[in-house]
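Enquirer: Sharing a structure, written as structure tokens. Questions coming.
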Amino acid sequence: MTFEVKEPVLVIGLGGAGIKLASEMREVLGADSLKISQDKKDISEHNSIHISTKSIINPSVQLIRGCAMEQSEKIAEHMSPYETVIIMANLAGKSGAALAPVVSSICKEQNKNLLSFAIM
């Protein structure tokens with residue numbers, strides 16, 4: 001099996017560490033980026049999706065994943081114009097562990113070329 005990076009490329013950062021790494025990768029590749037996190041301080045107004053867990057102070061991975069599923073159409077809409085998606089996530093953190101399966105599933109549904117980098 002071979003993997004081919006087809007342009008345009010979208011780099012998605014999931015959670016705090018994933019967003020930091022995705023920002024650096026975006027600059028190196030000259031690609032677009034998308035930041036997704038449940039923590040408001042991880043994201044900016046531009047090219048980002050905040051996964052709201054409402055008033056829950058310390059949400060579980062399952063709650064974050066469920067809230068992300070509610071926003072899956074918005075995530076899919078951001079990804080739709082791209083051929084290749086690169087995901088950067090920290091699986092030791094709640095946001096990365098919760099969001100990586102959701103975003104990967106959306107990529108599969110849209111038949112995207114997907115390359116994932118996971119910190120464990």
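FYI, nothing fancy with the structure tokens labels: chains A, B, ... in order, residues from 1 per chain, ligands from 1 as they appear.
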Would you list the contacts of Met120 of chain A as a PDB file with C-alpha atoms, in the first residue's frame, taking every protein, DNA or RNA residue within 7 Å and counting only C-alpha atoms, but skipping same-chain residues closer than 5 positions in sequence?

Expert:
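Contents of the output file around33.pdb:
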ATOM      1  CA  ASN A  90      -1.711  14.215  21.816  1.00  0.00           C
ATOM      2  CA  LEU A  91      -3.453  10.996  22.821  1.00  0.00           C
ATOM      3  CA  ALA A  92      -2.361  11.462  26.434  1.00  0.00           C
TER       4      ALA A  92
END

Enquirer: Need the shell around Phe117 of chain A: protein/DNA/RNA residues with any atom at most 7 Å away, counting only C-alpha atoms. Skip same-chain ones fewer than 5 positions apart. Format as JSON, numbers by chain?

Expert: {"A": [87, 88, 89]}

Enquirer: I need the residue nearest Val102 of chain A from this list: A:Ala68, A:Leu14, A:Leu115, A:Val61. Use only C-alpha atoms for the distance.

Expert: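 Smallest distance to Val102 of chain A is found for A:Ala68.
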
Enquirer: How would you write, as a short mmCIF file (atom, residue, chain, number, x, y, z; two decimals) with all heavy atoms, in the first residue's frame, the set of residues in chain A that DSSP gives as strand (DSSP E or B)?

Expert:
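Final output, part.cif:
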data_model
loop_
_atom_site.label_atom_id
_atom_site.label_comp_id
_atom_site.auth_asym_id
_atom_site.auth_seq_id
_atom_site.Cartn_x
_atom_site.Cartn_y
_atom_site.Cartn_z
N VAL A 9 -3.67 20.51 0.99
CA VAL A 9 -3.44 19.81 2.25
C VAL A 9 -3.99 20.64 3.40
O VAL A 9 -3.80 21.86 3.45
CB VAL A 9 -1.93 19.55 2.47
CG1 VAL A 9 -1.67 18.92 3.82
CG2 VAL A 9 -1.37 18.70 1.34
N LEU A 10 -4.65 19.98 4.34
CA LEU A 10 -5.14 20.62 5.56
C LEU A 10 -4.47 19.95 6.75
O LEU A 10 -4.50 18.72 6.88
CB LEU A 10 -6.66 20.47 5.68
CG LEU A 10 -7.30 21.02 6.96
CD1 LEU A 10 -7.13 22.55 7.04
CD2 LEU A 10 -8.76 20.65 7.03
N VAL A 11 -3.86 20.75 7.62
CA VAL A 11 -3.24 20.25 8.84
C VAL A 11 -4.19 20.57 9.99
O VAL A 11 -4.55 21.73 10.19
CB VAL A 11 -1.86 20.90 9.10
CG1 VAL A 11 -1.25 20.36 10.38
CG2 VAL A 11 -0.93 20.68 7.92
N ILE A 12 -4.62 19.54 10.71
CA ILE A 12 -5.56 19.73 11.82
C ILE A 12 -4.85 19.45 13.13
O ILE A 12 -4.28 18.38 13.33
CB ILE A 12 -6.78 18.79 11.69
CG1 ILE A 12 -7.53 19.07 10.39
CG2 ILE A 12 -7.70 18.96 12.89
CD1 ILE A 12 -8.73 18.17 10.16
N GLY A 13 -4.89 20.43 14.04
CA GLY A 13 -4.35 20.27 15.38
C GLY A 13 -5.47 19.99 16.35
O GLY A 13 -6.46 20.72 16.38
N LEU A 14 -5.34 18.93 17.13
CA LEU A 14 -6.36 18.54 18.10
C LEU A 14 -5.82 18.71 19.51
O LEU A 14 -4.83 18.07 19.88
CB LEU A 14 -6.78 17.08 17.88
CG LEU A 14 -7.30 16.74 16.48
CD1 LEU A 14 -7.58 15.25 16.38
CD2 LEU A 14 -8.53 17.55 16.15
N ASP A 32 -2.90 24.90 4.73
CA ASP A 32 -3.90 25.50 5.60
C ASP A 32 -3.99 24.69 6.89
O ASP A 32 -3.57 23.54 6.93
CB ASP A 32 -5.27 25.51 4.91
CG ASP A 32 -5.30 26.43 3.71
OD1 ASP A 32 -4.51 27.40 3.67
OD2 ASP A 32 -6.12 26.20 2.81
N SER A 33 -4.57 25.31 7.92
CA SER A 33 -4.69 24.58 9.18
C SER A 33 -6.07 24.82 9.80
O SER A 33 -6.76 25.78 9.48
CB SER A 33 -3.61 25.01 10.17
OG SER A 33 -3.82 26.34 10.60
N LEU A 34 -6.43 23.89 10.66
CA LEU A 34 -7.67 23.96 11.43
C LEU A 34 -7.34 23.53 12.85
O LEU A 34 -6.67 22.51 13.06
CB LEU A 34 -8.73 23.03 10.82
CG LEU A 34 -10.06 22.91 11.57
CD1 LEU A 34 -10.79 24.25 11.63
CD2 LEU A 34 -10.93 21.86 10.92
N LYS A 35 -7.79 24.32 13.83
CA LYS A 35 -7.56 24.01 15.24
C LYS A 35 -8.88 23.58 15.85
O LYS A 35 -9.89 24.26 15.70
CB LYS A 35 -7.05 25.25 15.97
CG LYS A 35 -5.80 25.83 15.37
CD LYS A 35 -5.54 27.21 15.94
CE LYS A 35 -4.43 27.88 15.13
NZ LYS A 35 -4.35 29.31 15.42
N ILE A 36 -8.85 22.45 16.56
CA ILE A 36 -10.05 21.95 17.22
C ILE A 36 -9.69 21.60 18.67
O ILE A 36 -8.75 20.83 18.90
CB ILE A 36 -10.62 20.71 16.51
CG1 ILE A 36 -10.86 20.98 15.03
CG2 ILE A 36 -11.92 20.27 17.19
CD1 ILE A 36 -11.29 19.75 14.24
N SER A 37 -10.45 22.16 19.60
CA SER A 37 -10.20 21.87 21.01
C SER A 37 -11.43 22.18 21.84
O SER A 37 -12.25 23.00 21.45
CB SER A 37 -9.02 22.69 21.53
OG SER A 37 -8.75 22.38 22.89
N SER A 48 -10.71 27.84 13.43
CA SER A 48 -10.77 27.02 14.63
C SER A 48 -12.22 26.64 14.95
O SER A 48 -13.15 27.32 14.57
CB SER A 48 -10.14 27.75 15.82
OG SER A 48 -10.84 28.93 16.10
N ILE A 49 -12.34 25.51 15.65
CA ILE A 49 -13.64 25.04 16.10
C ILE A 49 -13.53 24.74 17.59
O ILE A 49 -12.67 23.95 18.01
CB ILE A 49 -14.08 23.77 15.34
CG1 ILE A 49 -14.24 24.08 13.85
CG2 ILE A 49 -15.37 23.21 15.93
CD1 ILE A 49 -14.54 22.86 13.01
N HIS A 50 -14.38 25.40 18.36
CA HIS A 50 -14.42 25.15 19.80
C HIS A 50 -15.48 24.09 20.07
O HIS A 50 -16.63 24.23 19.67
CB HIS A 50 -14.74 26.43 20.57
CG HIS A 50 -14.90 26.21 22.03
ND1 HIS A 50 -16.11 26.31 22.67
CD2 HIS A 50 -14.00 25.85 22.99
CE1 HIS A 50 -15.95 26.05 23.94
NE2 HIS A 50 -14.68 25.76 24.17
N THR A 84 -5.90 15.95 1.07
CA THR A 84 -5.10 15.28 2.11
C THR A 84 -5.29 16.00 3.44
O THR A 84 -5.26 17.23 3.49
CB THR A 84 -3.60 15.28 1.73
OG1 THR A 84 -3.43 14.61 0.48
CG2 THR A 84 -2.76 14.60 2.79
N VAL A 85 -5.48 15.23 4.49
CA VAL A 85 -5.62 15.77 5.84
C VAL A 85 -4.52 15.16 6.70
O VAL A 85 -4.31 13.95 6.70
CB VAL A 85 -7.02 15.45 6.43
CG1 VAL A 85 -7.11 15.92 7.87
CG2 VAL A 85 -8.12 16.06 5.59
N ILE A 86 -3.83 16.03 7.44
CA ILE A 86 -2.80 15.61 8.38
C ILE A 86 -3.30 15.97 9.77
O ILE A 86 -3.63 17.12 10.04
CB ILE A 86 -1.45 16.29 8.10
CG1 ILE A 86 -0.97 15.94 6.70
CG2 ILE A 86 -0.43 15.90 9.17
CD1 ILE A 86 0.27 16.69 6.26
N ILE A 87 -3.39 14.98 10.65
CA ILE A 87 -3.87 15.19 12.01
C ILE A 87 -2.69 15.13 12.98
O ILE A 87 -1.89 14.20 12.93
CB ILE A 87 -4.91 14.12 12.41
CG1 ILE A 87 -6.16 14.23 11.55
CG2 ILE A 87 -5.26 14.25 13.89
CD1 ILE A 87 -7.18 13.14 11.81
N MET A 88 -2.63 16.13 13.85
CA MET A 88 -1.64 16.16 14.92
C MET A 88 -2.41 16.11 16.24
O MET A 88 -3.25 16.99 16.49
CB MET A 88 -0.83 17.46 14.86
CG MET A 88 -0.19 17.74 13.52
SD MET A 88 1.10 16.58 13.10
CE MET A 88 2.40 17.12 14.16
N ALA A 89 -2.16 15.09 17.06
CA ALA A 89 -2.91 14.95 18.31
C ALA A 89 -2.05 14.36 19.41
O ALA A 89 -1.17 13.55 19.16
CB ALA A 89 -4.13 14.05 18.09
N ASN A 90 -2.34 14.79 20.63
CA ASN A 90 -1.71 14.22 21.82
C ASN A 90 -2.72 13.26 22.43
O ASN A 90 -3.71 13.70 23.03
CB ASN A 90 -1.34 15.33 22.79
CG ASN A 90 -0.73 14.80 24.07
OD1 ASN A 90 -0.47 13.60 24.20
ND2 ASN A 90 -0.49 15.68 25.02
N ASN A 113 -7.22 11.37 1.90
CA ASN A 113 -5.91 10.81 2.24
C ASN A 113 -5.60 11.33 3.64
O ASN A 113 -5.60 12.53 3.86
CB ASN A 113 -4.84 11.29 1.27
CG ASN A 113 -5.01 10.71 -0.10
OD1 ASN A 113 -5.49 9.59 -0.26
ND2 ASN A 113 -4.65 11.46 -1.12
N LEU A 114 -5.36 10.43 4.58
CA LEU A 114 -5.17 10.82 5.97
C LEU A 114 -3.82 10.36 6.48
O LEU A 114 -3.46 9.19 6.33
CB LEU A 114 -6.29 10.24 6.84
CG LEU A 114 -6.16 10.44 8.35
CD1 LEU A 114 -6.21 11.92 8.70
CD2 LEU A 114 -7.25 9.68 9.08
N LEU A 115 -3.10 11.29 7.10
CA LEU A 115 -1.83 10.98 7.75
C LEU A 115 -1.94 11.50 9.18
O LEU A 115 -2.21 12.69 9.38
CB LEU A 115 -0.68 11.68 7.01
CG LEU A 115 0.73 11.43 7.51
CD1 LEU A 115 1.08 9.96 7.44
CD2 LEU A 115 1.72 12.25 6.69
N SER A 116 -1.79 10.61 10.16
CA SER A 116 -1.95 10.99 11.56
C SER A 116 -0.62 10.90 12.30
O SER A 116 0.11 9.92 12.15
CB SER A 116 -2.95 10.07 12.25
OG SER A 116 -4.20 10.17 11.66
N PHE A 117 -0.36 11.92 13.12
CA PHE A 117 0.78 11.92 14.01
C PHE A 117 0.23 11.99 15.43
O PHE A 117 -0.49 12.93 15.76
CB PHE A 117 1.71 13.12 13.76
CG PHE A 117 2.42 13.04 12.45
CD1 PHE A 117 1.89 13.64 11.32
CD2 PHE A 117 3.62 12.37 12.34
CE1 PHE A 117 2.54 13.58 10.12
CE2 PHE A 117 4.29 12.30 11.13
CZ PHE A 117 3.74 12.90 10.01
N ALA A 118 0.54 10.99 16.24
CA ALA A 118 0.01 10.92 17.60
C ALA A 118 1.15 10.91 18.61
O ALA A 118 2.10 10.16 18.47
CB ALA A 118 -0.85 9.69 17.77
N ILE A 119 1.00 11.76 19.60
CA ILE A 119 1.93 11.76 20.74
C ILE A 119 1.29 10.90 21.80
O ILE A 119 0.09 11.03 22.07
CB ILE A 119 2.12 13.18 21.29
CG1 ILE A 119 2.61 14.13 20.20
CG2 ILE A 119 3.07 13.17 22.49
CD1 ILE A 119 2.49 15.58 20.60
#

Enquirer: My list of candidates is A:Lys112, A:Arg65, A:Arg26, A:Lys54. Which is closest to Ala100 of chain A when distances are computed with only C-alpha atoms?

Expert: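 Answer, going by the shortest atom-to-atom distance: A:Arg65.
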
Enquirer: What is the atom CA of Leu29 of chain A to atom CA of Tyr82 of chain A distance in Å?

Expert: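 Between atom CA of Leu29 of chain A and atom CA of Tyr82 of chain A the gap is 14.2 Å.
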
Enquirer: Identify all residues of segment 72-118 of chain A in alpha helix (DSSP H) (DSSP on the backbone) and supply them as a count of residues only.

Expert: 24
